[in-house]
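Novice: Could you have a look at this structure, given as C-alpha cells, before my questions?
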Amino acid sequence: VERHLALIGFMGAGKSTLGAQVAETLGREFVDLDAFIEEFTGRSIAEIFATDGESSFRSVEYAAAEAVLDRREPRVVALGGGAVTTAEVSELLGRLAVTVLVDVDVERAWERAQGSDRPLAHDEADFRRLYDERQPLYEGVADAVARDVHDAVLAAGGVSIAPLESLGELVDGPAALVSDAHVAGIHGPTAQMALGARVASRHELPPGEEAKTLDAVHRLWHELRLDRRGTVVALGGGTTTDAAGFAAATYLRGVPWVSVPTTLVGQVDAGIGGKTGINLAQGKNLIGAFHWPRRTLIDPAVLATLPERERREGMSEVVKTGLLAGEPLWELPVQELVRRCAAFKTAVCLRDPLERGERAQLNLGHTFAHALETGSGGSVTHGTAVALGLLAALRLSGRDTKVVEELLRPRPVAADRERAWQALLRDKKGALRLILLGEGGPRVEDVPAEDVRRELDRLIT
Ligand SMILES: NC(=O)c1ccc[n+]([C@@H]2O[C@H](COP(=O)([O-])OP(=O)(O)OC[C@H]3O[C@@H](n4cnc5c(N)ncnc54)[C@H](O)[C@@H]3O)[C@@H](O)[C@H]2O)c1
C-alpha cells in the first residue's frame with residue numbers, strides 16, 4: 001500500500017498517459033521521469049544524449065529516479081524506456097516500488113515514436129532490434145503487466161487476476177493454508193499443488209459466519225506454527241478471508257497473509273482492501289483490524305463451482321459497485337466484471353486504507369442491510385439484505401430503483417421491526433448519516449429519522 005507504482009516499458013507504450021490516469025485514480029502525485037530530468041537540468045533529453053552521450057544520460061537518470069522515489073508518500077512514476085537497462089535503477093524499483101510493465105507491440109510503438117525527437121527512434125530496424133532486446137529485461141523487472149488503468153490500480157494494491165495454479169509465485173516462505181471444509185475439498189488440492197513445499201500446515205475454519213467467531217479464531221491461533229517469515233494463505237469466501245486475515249493480523253502481532261477469494265462476494269469485495277474481522281453478538285464485524293494482504297489472488301475460473309445462490313449473493317455487491325462507479329459493470333462478462341469491480345474497490349481502499357473518509361461509500365445500502373440481518377436474527381442473508389438496502393438508499397436518494405429491482409429482485413423479508421430499528425440506531429446517534437447516491441456519485445447526508453424508519457419498514461413484511 002505504501003509502495004510507489006513505477007511504470008516501465010518501451011517508448012511509445014503510453015506510460016505517461018497511463019501514469020497520469022492512474023495517479024488521478026489513486027489520488028497520488030504523478031512524476032514523468034523524463035520531464036523531471038528536463039526540468040531539473042534545463043536541457044532536453046535529446047540534447048543530453050547528443051552532447052554527453054547515453055552513459056552520461058543514464059547516470060543522470062539514475063540520480064533522478066533515486067530522488068523521485070526517495071519519498072514516503074507513494075507516487076506514480078513513469079520511467080523512460082531505457083531506464084531499467086541500468087542495474088541500479090532496477091534494484092531501486094525492486095526495493096521501493098511495485099513495477100508494472102505497460103505492454104505495447106512493436107508496430108504500435110513505432111507508429112507513435114517515429115518522427116519524434118526521441119534519440120533512439122530514428123531508424124526502424126534499430127528500433128525493432130532494441131525492442132526485442134529490451135522485452136526480456138522489462139519482463140524480468142516487472143511485478144505485473146498492465147493494459148489499462150484498471151490493471152495498474154490492481155497491481156498497485158497487490159491484486160493479481162490469475163489462475164489459482166500461479167499461487168506459488170505469490171507466496172514467500174512457509175505458508176499456513178486456511179479454508180473451510182467445502183472449499184478445501186474443491187479447490188484445496190490445486191492450491192496445495194501450487195504452493196508445493198511451501199505448505200507448512202493446513203487449517204480448517206467452520207463454514208459461514210461460524211468462522212467469524214472468537215472460538216474459531218482461537219483454535220486457528222493455537223494451530224498456527226509460523227514465525228514472522230511465514231504467511232497465512234486464506235482460500236475461500238468472505239468469511240474465510242475475514243477470519244483468517246484477522247488471525248494473521250493478530251498472530252505474533254501480525255504476520256503477512258495472502259488473500260485468495262473464491263466467491264463472487266470475495267472476488268469483488270471481501271477479499272480486497274485489508275479489512276479483517278469477526279462478529280460479536282451485538283453485531284457483525286465489531287472486532288477486527290486493518291491488515292492489507294501482501295497479495296490477493298483472484299481466479300474467476302473458480303467461480304464455476306459456486307452454487308447459484310452464492311452467485312446471487314455476490315451480484316448485490318456487483319450492483320453496489322456499479323452504482324458507485326456510475327457504470328453498468330453488472331452487464332460485463334464475468335472475467336471482466338470481476339476485474340473492474342475488484343479494481344474499483346482497490347482504488348477506493350488505496351485512497352483511504354483506514355476508512356477515514358471516502359471508503360465509507362462502500363457501505364452504500366449496508367446500514368439497512370445490517371439492520372435487516374440483525375432484525376431477522378441472521379436468517380436474511382447478507383446479499384438479500386444488501387439488495388434491499390440498496391433499494392432503500394436509492395429511494396432516499398430520489399433515484400430510479402429499476403436496476404436493483406430488475407437485477408436483484410428484492411422482496412421484503414420477515415424481521416422484527418423494532419430490533420432492526422434498534423440495530424440501525426446502534427452506532428448512529430443523533431442525525432442519521434447515510435451514504436446516498438447523487439447524480440455525481442456517492443455523498444454523505446443527514447437524513448431525518450422518520451424517513452429512515454419509513455424506508456426500513458418498507459423492506460420488512
Ligand atoms: N472484509 C470486507 O471488506 C468484506 C466485504 C464484504 C463482505 N465481507 C464479509 O464476507 C462474508 C460473506 O462472504 P461470502 O458470501 O463469500 O460467504 P462464505 O465465506 O460463507 O462463502 C459462502 C459459501 O460458498 C462456499 N464456497 C466458497 N467458494 C466456493 C467455490 N468456489 N465453489 C463452491 N463453493 C464455494 C463456502 O464454502 C460457503 O459455504 C460476510 O461475513 C461479510 O461480512 C467482508
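Residues are referred to by chain and number: the chain letter is A, B, ... according to the order shown in the C-alpha cells, the number counts from 1 in that chain, and ligands are numbered separately from 1 in the order shown.
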Which residues come within 8 Å of Thr346 of chain A, counting only C-alpha atoms, excluding same-chain residues fewer than 6 positions away, as a VMD selection string?

Specialist: chain A and resid 153 to 154 157 272 to 273

Novice: For segment 249-252 of chain A, find every residue with an atom within 12 Å (counting only C-alpha atoms), except residues of its own chain fewer than 6 positions away, and show them as a VMD selection string.

Specialist: chain A and resid 217 to 232 241 to 243 258 274 to 278 287 to 294

Novice: Got a sec to check which residues lie within 8 Å of ligand 1, using only C-alpha atoms and all ligand atoms, and send them as a tab-separated table (two decimals) with N, CA and C atoms, in the first residue's frame?

Specialist:
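Result file follows (selection_12.tsv):
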```
chain	number	residue	atom	x	y	z
A	180	ASP	N	-12.42	-23.30	4.52
A	180	ASP	CA	-13.46	-24.13	5.13
A	180	ASP	C	-13.44	-25.50	4.44
A	181	ALA	N	-14.13	-26.48	5.04
A	181	ALA	CA	-14.01	-27.85	4.54
A	181	ALA	C	-14.49	-27.97	3.10
A	182	HIS	N	-15.55	-27.23	2.79
A	182	HIS	CA	-16.14	-27.31	1.45
A	182	HIS	C	-15.15	-26.83	0.38
A	183	VAL	N	-14.59	-25.65	0.61
A	183	VAL	CA	-13.63	-25.10	-0.36
A	183	VAL	C	-12.36	-25.94	-0.39
A	186	ILE	N	-12.87	-28.76	-2.73
A	186	ILE	CA	-12.94	-28.47	-4.17
A	186	ILE	C	-11.63	-27.88	-4.70
A	187	HIS	N	-11.14	-26.83	-4.06
A	187	HIS	CA	-10.00	-26.10	-4.63
A	187	HIS	C	-8.71	-26.24	-3.82
A	207	PRO	N	-17.85	-23.53	8.55
A	207	PRO	CA	-18.49	-22.87	7.40
A	207	PRO	C	-19.22	-21.58	7.81
A	208	GLY	N	-19.33	-20.66	6.87
A	208	GLY	CA	-20.15	-19.46	7.04
A	208	GLY	C	-19.70	-18.58	8.19
A	209	GLU	N	-20.67	-17.88	8.80
A	209	GLU	CA	-20.35	-16.89	9.84
A	209	GLU	C	-19.72	-17.53	11.08
A	212	LYS	N	-16.31	-16.61	11.74
A	212	LYS	CA	-16.00	-15.27	12.26
A	212	LYS	C	-16.38	-15.17	13.75
A	236	GLY	N	-10.90	-19.01	0.20
A	236	GLY	CA	-12.32	-19.23	0.43
A	236	GLY	C	-13.15	-17.97	0.27
A	237	GLY	N	-14.35	-18.02	0.80
A	237	GLY	CA	-15.27	-16.88	0.71
A	237	GLY	C	-14.90	-15.80	1.71
A	238	GLY	N	-15.79	-14.81	1.81
A	238	GLY	CA	-15.52	-13.66	2.67
A	238	GLY	C	-15.39	-14.02	4.13
A	239	THR	N	-16.08	-15.07	4.58
A	239	THR	CA	-15.96	-15.43	6.00
A	239	THR	C	-14.56	-15.97	6.27
A	240	THR	N	-14.02	-16.74	5.32
A	240	THR	CA	-12.67	-17.29	5.49
A	240	THR	C	-11.63	-16.19	5.44
A	241	THR	N	-11.71	-15.29	4.45
A	241	THR	CA	-10.69	-14.24	4.34
A	241	THR	C	-10.80	-13.27	5.52
A	242	ASP	N	-12.02	-12.97	5.97
A	242	ASP	CA	-12.18	-12.09	7.14
A	242	ASP	C	-11.54	-12.70	8.39
A	261	PRO	N	-9.71	-15.10	-2.62
A	261	PRO	CA	-11.16	-15.19	-2.55
A	261	PRO	C	-11.73	-16.12	-3.62
A	262	THR	N	-12.68	-16.95	-3.20
A	262	THR	CA	-13.24	-17.92	-4.14
A	262	THR	C	-14.73	-17.75	-4.39
A	263	THR	N	-15.37	-16.77	-3.72
A	263	THR	CA	-16.78	-16.48	-4.02
A	263	THR	C	-16.84	-15.16	-4.80
A	264	LEU	N	-18.00	-14.89	-5.41
A	264	LEU	CA	-18.14	-13.62	-6.11
A	264	LEU	C	-18.07	-12.47	-5.11
A	265	VAL	N	-18.71	-12.65	-3.94
A	265	VAL	CA	-18.61	-11.64	-2.87
A	265	VAL	C	-17.14	-11.36	-2.56
A	266	GLY	N	-16.38	-12.40	-2.43
A	266	GLY	CA	-14.97	-12.27	-2.07
A	266	GLY	C	-14.15	-11.60	-3.17
A	269	ASP	N	-15.21	-7.91	-3.56
A	269	ASP	CA	-15.34	-7.09	-2.37
A	269	ASP	C	-14.51	-7.59	-1.18
A	270	ALA	N	-14.99	-8.66	-0.52
A	270	ALA	CA	-14.46	-9.03	0.79
A	270	ALA	C	-12.96	-9.37	0.80
A	271	GLY	N	-12.47	-9.97	-0.29
A	271	GLY	CA	-11.08	-10.41	-0.28
A	271	GLY	C	-10.07	-9.29	-0.51
A	272	ILE	N	-10.58	-8.09	-0.77
A	272	ILE	CA	-9.72	-6.97	-1.16
A	272	ILE	C	-9.76	-5.87	-0.10
A	273	GLY	N	-8.63	-5.24	0.17
A	273	GLY	CA	-8.66	-3.98	0.90
A	273	GLY	C	-8.28	-4.02	2.36
A	274	GLY	N	-8.04	-5.23	2.90
A	274	GLY	CA	-7.41	-5.30	4.21
A	274	GLY	C	-8.30	-5.14	5.42
A	275	LYS	N	-9.62	-5.12	5.26
A	275	LYS	CA	-10.47	-5.12	6.44
A	275	LYS	C	-10.65	-6.57	6.84
A	276	THR	N	-10.23	-6.90	8.07
A	276	THR	CA	-10.38	-8.27	8.54
A	276	THR	C	-11.16	-8.23	9.84
A	277	GLY	N	-11.82	-9.32	10.19
A	277	GLY	CA	-12.52	-9.25	11.46
A	277	GLY	C	-13.48	-10.39	11.73
A	278	ILE	N	-14.04	-10.32	12.94
A	278	ILE	CA	-15.01	-11.31	13.39
A	278	ILE	C	-16.23	-10.59	13.98
A	284	LYS	N	-22.33	-7.51	13.52
A	284	LYS	CA	-21.28	-8.10	12.68
A	284	LYS	C	-20.03	-7.22	12.63
A	285	ASN	N	-18.90	-7.85	12.46
A	285	ASN	CA	-17.62	-7.18	12.20
A	285	ASN	C	-17.22	-6.15	13.26
A	302	VAL	N	-12.56	-20.15	-10.65
A	302	VAL	CA	-13.03	-20.96	-9.52
A	302	VAL	C	-14.51	-20.69	-9.21
A	303	LEU	N	-15.05	-19.62	-9.79
A	303	LEU	CA	-16.48	-19.33	-9.55
A	303	LEU	C	-17.38	-20.35	-10.25
A	304	ALA	N	-16.79	-21.14	-11.15
A	304	ALA	CA	-17.58	-22.14	-11.88
A	304	ALA	C	-18.24	-23.13	-10.92
A	305	THR	N	-17.63	-23.37	-9.77
A	305	THR	CA	-18.19	-24.36	-8.84
A	305	THR	C	-19.10	-23.71	-7.78
A	306	LEU	N	-19.30	-22.41	-7.91
A	306	LEU	CA	-20.08	-21.69	-6.89
A	306	LEU	C	-21.58	-21.93	-7.11
A	307	PRO	N	-22.33	-22.31	-6.07
A	307	PRO	CA	-23.77	-22.51	-6.23
A	307	PRO	C	-24.45	-21.19	-6.66
A	310	GLU	N	-25.09	-18.55	-4.08
A	310	GLU	CA	-23.93	-17.74	-3.67
A	310	GLU	C	-23.57	-16.73	-4.75
A	313	GLU	N	-25.75	-13.82	-4.16
A	313	GLU	CA	-25.24	-13.01	-3.03
A	313	GLU	C	-24.24	-11.98	-3.55
A	314	GLY	N	-23.37	-12.45	-4.43
A	314	GLY	CA	-22.32	-11.57	-4.96
A	314	GLY	C	-22.85	-10.49	-5.87
A	317	GLU	N	-23.33	-7.07	-4.39
A	317	GLU	CA	-22.13	-6.23	-4.25
A	317	GLU	C	-21.70	-5.70	-5.62
A	382	HIS	N	-26.77	-11.89	3.74
A	382	HIS	CA	-26.16	-10.58	3.52
A	382	HIS	C	-26.53	-10.03	2.13
A	383	GLY	N	-26.46	-10.89	1.13
A	383	GLY	CA	-26.74	-10.45	-0.25
A	383	GLY	C	-28.18	-9.96	-0.40
```

Novice: Would you mind writing down, as a ChimeraX atom specification, each residue of segment 175-368 of chain A that DSSP on the backbone assigns to strand (DSSP E)?

Specialist: /A:175-180,199-205,231-236,257-261,275-280,283-290,295-298

Novice: Provide the atom CA of Thr213 of chain A to atom CA of Arg356 of chain A distance in Å, to one decimal place.

Specialist: 25.9 Å

Novice: Could you produce a table of the residues of segment 345-381 of chain A lying within 12 Å of segment 28-33 of chain A, with the nearest pair of atoms per residue and their separation in Å rounded to one decimal, using only C-alpha atoms, ordered by chain and increasing residue number, as a tab-separated table?

Specialist:
```
residue	atom	partner	partner_atom	distance
A:Ala347	CA	A:Arg28	CA	11.1
A:Leu350	CA	A:Arg28	CA	9.9
A:Arg351	CA	A:Arg28	CA	8.4
A:Asp352	CA	A:Arg28	CA	11.7
```

Novice: Let's have the selection written as a tab-separated table (two decimals), in the first residue's frame, with N, CA and C atoms.

Specialist:
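File written: result39.tsv
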```tsv
chain	number	residue	atom	x	y	z
A	347	ALA	N	-9.03	0.73	-5.74
A	347	ALA	CA	-8.73	2.16	-5.85
A	347	ALA	C	-9.28	2.92	-4.64
A	350	LEU	N	-7.14	2.03	-1.62
A	350	LEU	CA	-5.79	2.60	-1.65
A	350	LEU	C	-5.84	4.10	-1.33
A	351	ARG	N	-6.92	4.76	-1.76
A	351	ARG	CA	-7.04	6.19	-1.46
A	351	ARG	C	-7.31	6.42	0.01
A	352	ASP	N	-7.98	5.46	0.64
A	352	ASP	CA	-8.39	5.64	2.04
A	352	ASP	C	-8.29	4.31	2.78
```

Novice: As a PyMOL selection string, please: every residue in segment 23-141 of chain A that DSSP puts in alpha helix (DSSP H).

Specialist: chain A and resi 23-26+33-41+45-52+54-69+87-96+106-113+124-141

Novice: Write out as a VMD selection string which residues come within 10 Å of Arg339 of chain A when counting only C-alpha atoms, dropping same-chain ones fewer than 4 positions away.

Specialist: chain A and resid 150 to 151 154 159 to 161 267 to 268 298 to 300 329 332 334 to 335 343 to 344

Novice: Find the residue from A:Glu373, A:Glu455, A:Glu406, A:Glu54 that sits nearest to Leu394 of chain A; use only C-alpha atoms when measuring.

Specialist: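 Counting only C-alpha atoms, the residue closest to Leu394 of chain A is A:Glu455.
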
Novice: Neighbours of Val60 of chain A within 12 Å (only C-alpha atoms; same-chain residues fewer than 2 positions away dropped), as a PyMOL selection string?

Specialist: chain A and resi 33-34+36-38+40-41+43+45+48-49+52-58+62-67+83+86+89

Novice: For C-alpha atoms, I'd like the residues from the last selection saved as a JSON list (two decimals), in the first residue's frame.

Specialist:
```json
[["chain", "number", "residue", "atom", "x", "y", "z"],
["A", 33, "LEU", "CA", 10.90, 10.90, -15.07],
["A", 34, "ASP", "CA", 11.99, 12.29, -18.46],
["A", 36, "PHE", "CA", 11.53, 15.71, -14.39],
["A", 37, "ILE", "CA", 15.06, 15.40, -15.82],
["A", 38, "GLU", "CA", 14.40, 18.05, -18.46],
["A", 40, "PHE", "CA", 15.81, 19.73, -13.41],
["A", 41, "THR", "CA", 18.69, 20.09, -15.89],
["A", 43, "ARG", "CA", 18.06, 20.61, -21.09],
["A", 45, "ILE", "CA", 16.73, 14.53, -23.24],
["A", 48, "ILE", "CA", 21.81, 15.43, -23.20],
["A", 49, "PHE", "CA", 22.05, 12.33, -25.37],
["A", 52, "ASP", "CA", 27.03, 13.97, -23.33],
["A", 53, "GLY", "CA", 26.26, 10.51, -24.71],
["A", 54, "GLU", "CA", 23.97, 7.75, -23.49],
["A", 55, "SER", "CA", 26.01, 6.59, -20.50],
["A", 56, "SER", "CA", 26.15, 10.06, -19.07],
["A", 57, "PHE", "CA", 22.37, 10.36, -19.53],
["A", 58, "ARG", "CA", 21.87, 7.06, -17.69],
["A", 62, "TYR", "CA", 19.54, 7.07, -12.06],
["A", 63, "ALA", "CA", 20.07, 10.08, -9.82],
["A", 64, "ALA", "CA", 16.67, 11.43, -10.84],
["A", 65, "ALA", "CA", 14.96, 8.08, -10.16],
["A", 66, "GLU", "CA", 16.58, 7.94, -6.74],
["A", 67, "ALA", "CA", 15.43, 11.47, -5.89],
["A", 83, "ALA", "CA", 15.86, 3.26, -17.52],
["A", 86, "THR", "CA", 20.78, 0.49, -15.56],
["A", 89, "VAL", "CA", 17.57, 1.55, -11.32]]
```

Novice: Could you give me, as JSON, numbers by chain, the residues within 8 Å of segment 96-103 of chain A, counting only C-alpha atoms and dropping anything in the same chain fewer than 6 positions from it?

Specialist: {"A": [3, 4, 5, 6, 7, 8, 9, 10, 13, 14, 15, 69, 138, 139, 141, 142, 143, 144, 145, 146, 147, 152, 155, 156]}
